[in-house]
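*Asks:* Questions regarding the structure given below will be posed in turn.
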Amino acid sequence: MAQANIGLVDDLTILTTLDEKTLIAELMRRYENNIIYTYIGDILISVNPYQPLSIYTYDLSCAYTNLTYRKSMPPHIFAVADKAYGNMKRTRSRQCCVISGESGAGKTESAKYIIGHIISHCNSQKQNLQAKILQV
C-alpha cells in the first residue's frame, strides 16, 4: 500500500494487509485529519478526538437515517444507531450495540449519540420514548 493512501480507507477489511502496524497507521492518519470513525467490517472503531467536532448535527443525523447502502456515507455512530433501530423495526426483536473502551475513551458520549439519533428519528412520541429510556 502506498504511503499516500494511508488513512483514506473507510473499511479496513478491504486492505490486502491488515496487521497491527497497518491498522494503527490507518487510524492515526484518519485521526490527524479529524476522521474519528473507521469500520472493520460491521465493527465501528471510534477514536476520541478530545475536542468538539461538528459531526453530530441534526442535518447529519438525518443524512444517516434509513441508509440503504452503508458505503454511501462515511463511517459514523449515526449509521450504527440507525442500523440497529432499523433492524429492531424490521425484525421486531431487541438490538444491542456494544460500546467498549478505556476510561475517558468516549463511551458515554457515544451512547448519548446513539440514543439521541434514535429518539430524533423514531415515529413515537419523543417525550414518552425519552422517558422510557431514562428509566432504564
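The way I read the labels, and the way they are meant: chains A, B, ... in the order of the C-alpha cells, residue 1 as the first residue of every chain, and ligand 1 as the first ligand shown, with later ones counted on from there.
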Set the distance at 10 Å and use only C-alpha atoms: which residues neighbour Ile77 (chain A) once local chain neighbours fewer than 2 positions away are removed? I'd like the list as a PyMOL selection string.
*Replies:* chain A and resi 37-38+44-46+55-56+61+64+75+79-83+110-111+113-114+117
*Asks:* Would you save the residues of that selection, restricted to N, CA, C and O atoms, as a compact mmCIF listing (two decimals), in the first residue's frame?
*Replies:*
# COMPACT_ATOMS: atom_id res chain seq x y z
N TYR A 37 -14.01 8.03 12.93
CA TYR A 37 -14.73 6.76 12.79
C TYR A 37 -14.15 5.96 11.62
O TYR A 37 -13.90 6.49 10.54
N THR A 38 -13.98 4.66 11.86
CA THR A 38 -13.47 3.73 10.85
C THR A 38 -14.17 2.39 11.03
O THR A 38 -14.35 1.94 12.16
N LEU A 44 -17.51 -0.67 14.25
CA LEU A 44 -17.14 0.73 14.12
C LEU A 44 -16.10 1.05 15.19
O LEU A 44 -16.35 0.88 16.38
N ILE A 45 -14.95 1.53 14.75
CA ILE A 45 -13.91 1.98 15.68
C ILE A 45 -14.02 3.49 15.78
O ILE A 45 -14.12 4.18 14.77
N SER A 46 -13.99 3.98 17.00
CA SER A 46 -14.04 5.41 17.25
C SER A 46 -12.81 5.80 18.05
O SER A 46 -12.46 5.14 19.03
N ILE A 55 -19.68 17.10 13.81
CA ILE A 55 -20.16 15.92 13.06
C ILE A 55 -21.38 15.28 13.73
O ILE A 55 -21.75 14.16 13.41
N TYR A 56 -22.03 16.03 14.63
CA TYR A 56 -23.18 15.49 15.34
C TYR A 56 -24.41 16.38 15.19
O TYR A 56 -25.24 16.46 16.08
N SER A 61 -27.38 13.78 11.16
CA SER A 61 -28.15 12.64 11.67
C SER A 61 -29.21 12.23 10.64
O SER A 61 -29.40 11.04 10.38
N TYR A 64 -27.96 10.13 7.78
CA TYR A 64 -27.69 8.72 8.10
C TYR A 64 -28.96 7.93 8.39
O TYR A 64 -28.90 6.77 8.73
N PRO A 75 -18.04 6.35 7.65
CA PRO A 75 -18.36 5.70 8.92
C PRO A 75 -18.79 6.73 9.97
O PRO A 75 -18.22 7.82 10.05
N ALA A 79 -24.74 5.88 11.78
CA ALA A 79 -25.01 4.74 10.90
C ALA A 79 -25.26 3.49 11.73
O ALA A 79 -26.17 2.70 11.43
N VAL A 80 -24.48 3.30 12.78
CA VAL A 80 -24.66 2.14 13.66
C VAL A 80 -26.01 2.23 14.37
O VAL A 80 -26.77 1.25 14.43
N ALA A 81 -26.32 3.41 14.90
CA ALA A 81 -27.59 3.61 15.59
C ALA A 81 -28.77 3.36 14.66
O ALA A 81 -29.73 2.68 15.04
N ASP A 82 -28.69 3.87 13.45
CA ASP A 82 -29.79 3.72 12.51
C ASP A 82 -29.96 2.27 12.06
O ASP A 82 -31.08 1.80 11.89
N LYS A 83 -28.85 1.57 11.90
CA LYS A 83 -28.94 0.16 11.52
C LYS A 83 -29.60 -0.66 12.63
O LYS A 83 -30.47 -1.49 12.37
N SER A 110 -20.69 8.34 23.19
CA SER A 110 -21.17 7.50 22.09
C SER A 110 -22.58 7.00 22.36
O SER A 110 -23.43 7.02 21.47
N ALA A 111 -22.82 6.56 23.59
CA ALA A 111 -24.17 6.09 23.95
C ALA A 111 -25.18 7.22 23.81
O ALA A 111 -26.30 7.00 23.33
N TYR A 113 -25.04 9.73 21.74
CA TYR A 113 -25.29 9.98 20.32
C TYR A 113 -26.19 8.90 19.71
O TYR A 113 -27.05 9.20 18.88
N ILE A 114 -26.01 7.67 20.13
CA ILE A 114 -26.87 6.58 19.64
C ILE A 114 -28.31 6.83 20.07
O ILE A 114 -29.24 6.78 19.26
N HIS A 117 -29.86 9.90 18.34
CA HIS A 117 -30.22 9.64 16.94
C HIS A 117 -31.54 8.87 16.86
O HIS A 117 -32.43 9.24 16.09
*Asks:* So which residues of chain A fall under alpha helix (DSSP H) by DSSP, listed as number ranges by chain?
*Replies:* A: 20-32, 58-63, 77-91, 107-121, 126-135
*Asks:* Smallest atom-to-atom distance to Thr108 (chain A): which of A:Leu18, A:Asn48, A:Ile36, A:Thr68, using only C-alpha atoms?
*Replies:*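 Of A:Leu18, A:Asn48, A:Ile36, A:Thr68, the one nearest Thr108 (chain A) is A:Asn48, counting only C-alpha atoms.
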*Asks:* Grab the CA of Thr16 (chain A) to CA of Ser100 (chain A) distance for me, in Å with one decimal place.
*Replies:*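 Interatomic distance, CA of Thr16 (chain A) to CA of Ser100 (chain A): 26.6 Å.
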*Asks:* If you count only C-alpha atoms, which residues fall within 9 Å of Lys71 (chain A), apart from same-chain ones fewer than 3 positions away, as a tab-separated table (two decimals) with N, CA, C and O atoms, in the first residue's frame?
*Replies:*
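Full text of around06.tsv as output:
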chain	number	residue	atom	x	y	z
A	10	ASP	N	-12.28	3.76	4.41
A	10	ASP	CA	-13.33	3.79	5.42
A	10	ASP	C	-13.54	2.45	6.10
A	10	ASP	O	-13.95	2.39	7.25
A	11	ASP	N	-13.29	1.35	5.37
A	11	ASP	CA	-13.47	0.00	5.91
A	11	ASP	C	-12.16	-0.76	5.74
A	11	ASP	O	-11.75	-1.07	4.62
A	74	PRO	N	-19.68	8.18	4.92
A	74	PRO	CA	-18.51	7.80	5.72
A	74	PRO	C	-18.93	7.12	7.03
A	74	PRO	O	-20.06	7.30	7.50
A	75	PRO	N	-18.04	6.35	7.65
A	75	PRO	CA	-18.36	5.70	8.92
A	75	PRO	C	-18.79	6.73	9.97
A	75	PRO	O	-18.22	7.82	10.05
*Asks:* Of the candidates A:Leu53, A:Ile118, A:Leu15, A:Ala105, which shows the shortest atom-to-atom distance to Phe78 (chain A), using only C-alpha atoms?
*Replies:* A:Ile118
*Asks:* Which is closest to Ile99 (chain A) among A:Leu12, A:Leu27, A:Ile43, A:Ile35, if we use only C-alpha atoms?
*Replies:*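 Going through A:Leu12, A:Leu27, A:Ile43, A:Ile35 one by one, the smallest distance to Ile99 (chain A) is for A:Ile43.
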*Asks:* What separation in Å, quoted to one decimal, exists between CA of Leu60 (chain A) and CA of Arg29 (chain A)?
*Replies:*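 Taking CA of Leu60 (chain A) as the start and CA of Arg29 (chain A) as the end point, the length is 23.0 Å.
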*Asks:* Can you pull out every residue from region 9-126 of chain A that DSSP, working from the backbone, puts in strand (DSSP E), and format the result as a PyMOL selection string?
*Replies:* chain A and resi 37-40+43-46
*Asks:* For all heavy atoms, I'd like the residues from the last selection saved as a PDB file, in the first residue's frame.
*Replies:*
ATOM      1  N   TYR A  37     -14.014   8.029  12.935  1.00  0.00           N
ATOM      2  CA  TYR A  37     -14.726   6.761  12.787  1.00  0.00           C
ATOM      3  C   TYR A  37     -14.148   5.956  11.621  1.00  0.00           C
ATOM      4  O   TYR A  37     -13.897   6.493  10.543  1.00  0.00           O
ATOM      5  CB  TYR A  37     -16.214   6.991  12.530  1.00  0.00           C
ATOM      6  CG  TYR A  37     -16.936   7.596  13.712  1.00  0.00           C
ATOM      7  CD1 TYR A  37     -17.510   8.854  13.633  1.00  0.00           C
ATOM      8  CD2 TYR A  37     -17.038   6.905  14.907  1.00  0.00           C
ATOM      9  CE1 TYR A  37     -18.181   9.404  14.709  1.00  0.00           C
ATOM     10  CE2 TYR A  37     -17.699   7.443  15.997  1.00  0.00           C
ATOM     11  CZ  TYR A  37     -18.269   8.696  15.885  1.00  0.00           C
ATOM     12  OH  TYR A  37     -18.923   9.232  16.968  1.00  0.00           O
ATOM     13  N   THR A  38     -13.983   4.657  11.862  1.00  0.00           N
ATOM     14  CA  THR A  38     -13.475   3.733  10.849  1.00  0.00           C
ATOM     15  C   THR A  38     -14.174   2.394  11.031  1.00  0.00           C
ATOM     16  O   THR A  38     -14.349   1.938  12.163  1.00  0.00           O
ATOM     17  CB  THR A  38     -11.950   3.530  11.006  1.00  0.00           C
ATOM     18  OG1 THR A  38     -11.302   4.808  11.020  1.00  0.00           O
ATOM     19  CG2 THR A  38     -11.382   2.690   9.879  1.00  0.00           C
ATOM     20  N   TYR A  39     -14.563   1.769   9.940  1.00  0.00           N
ATOM     21  CA  TYR A  39     -15.152   0.425  10.008  1.00  0.00           C
ATOM     22  C   TYR A  39     -14.068  -0.638   9.880  1.00  0.00           C
ATOM     23  O   TYR A  39     -13.079  -0.471   9.170  1.00  0.00           O
ATOM     24  CB  TYR A  39     -16.136   0.199   8.857  1.00  0.00           C
ATOM     25  CG  TYR A  39     -17.420   0.968   8.939  1.00  0.00           C
ATOM     26  CD1 TYR A  39     -17.800   1.814   7.895  1.00  0.00           C
ATOM     27  CD2 TYR A  39     -18.280   0.840  10.021  1.00  0.00           C
ATOM     28  CE1 TYR A  39     -18.987   2.515   7.939  1.00  0.00           C
ATOM     29  CE2 TYR A  39     -19.473   1.542  10.071  1.00  0.00           C
ATOM     30  CZ  TYR A  39     -19.816   2.374   9.031  1.00  0.00           C
ATOM     31  OH  TYR A  39     -21.002   3.070   9.074  1.00  0.00           O
ATOM     32  N   ILE A  40     -14.304  -1.744  10.552  1.00  0.00           N
ATOM     33  CA  ILE A  40     -13.638  -3.010  10.254  1.00  0.00           C
ATOM     34  C   ILE A  40     -14.792  -3.995  10.113  1.00  0.00           C
ATOM     35  O   ILE A  40     -15.281  -4.545  11.092  1.00  0.00           O
ATOM     36  CB  ILE A  40     -12.649  -3.461  11.352  1.00  0.00           C
ATOM     37  CG1 ILE A  40     -11.549  -2.442  11.539  1.00  0.00           C
ATOM     38  CG2 ILE A  40     -12.056  -4.826  10.981  1.00  0.00           C
ATOM     39  CD1 ILE A  40     -10.527  -2.816  12.600  1.00  0.00           C
ATOM     40  N   ILE A  43     -17.903  -3.683  12.505  1.00  0.00           N
ATOM     41  CA  ILE A  43     -17.434  -3.028  13.727  1.00  0.00           C
ATOM     42  C   ILE A  43     -17.051  -1.591  13.409  1.00  0.00           C
ATOM     43  O   ILE A  43     -16.356  -1.327  12.431  1.00  0.00           O
ATOM     44  CB  ILE A  43     -16.230  -3.786  14.317  1.00  0.00           C
ATOM     45  CG1 ILE A  43     -16.646  -5.203  14.709  1.00  0.00           C
ATOM     46  CG2 ILE A  43     -15.641  -3.035  15.510  1.00  0.00           C
ATOM     47  CD1 ILE A  43     -15.473  -6.102  15.057  1.00  0.00           C
ATOM     48  N   LEU A  44     -17.508  -0.675  14.253  1.00  0.00           N
ATOM     49  CA  LEU A  44     -17.136   0.729  14.117  1.00  0.00           C
ATOM     50  C   LEU A  44     -16.101   1.052  15.187  1.00  0.00           C
ATOM     51  O   LEU A  44     -16.351   0.879  16.375  1.00  0.00           O
ATOM     52  CB  LEU A  44     -18.352   1.638  14.290  1.00  0.00           C
ATOM     53  CG  LEU A  44     -18.078   3.136  14.199  1.00  0.00           C
ATOM     54  CD1 LEU A  44     -17.724   3.520  12.763  1.00  0.00           C
ATOM     55  CD2 LEU A  44     -19.269   3.934  14.691  1.00  0.00           C
ATOM     56  N   ILE A  45     -14.948   1.528  14.751  1.00  0.00           N
ATOM     57  CA  ILE A  45     -13.912   1.976  15.683  1.00  0.00           C
ATOM     58  C   ILE A  45     -14.018   3.486  15.781  1.00  0.00           C
ATOM     59  O   ILE A  45     -14.117   4.180  14.767  1.00  0.00           O
ATOM     60  CB  ILE A  45     -12.503   1.583  15.192  1.00  0.00           C
ATOM     61  CG1 ILE A  45     -12.354   0.074  15.208  1.00  0.00           C
ATOM     62  CG2 ILE A  45     -11.433   2.243  16.041  1.00  0.00           C
ATOM     63  CD1 ILE A  45     -11.007  -0.400  14.712  1.00  0.00           C
ATOM     64  N   SER A  46     -13.991   3.976  17.005  1.00  0.00           N
ATOM     65  CA  SER A  46     -14.041   5.412  17.250  1.00  0.00           C
ATOM     66  C   SER A  46     -12.808   5.800  18.052  1.00  0.00           C
ATOM     67  O   SER A  46     -12.463   5.143  19.027  1.00  0.00           O
ATOM     68  CB  SER A  46     -15.304   5.749  18.045  1.00  0.00           C
ATOM     69  OG  SER A  46     -15.302   7.097  18.445  1.00  0.00           O
TER      70      SER A  46
END
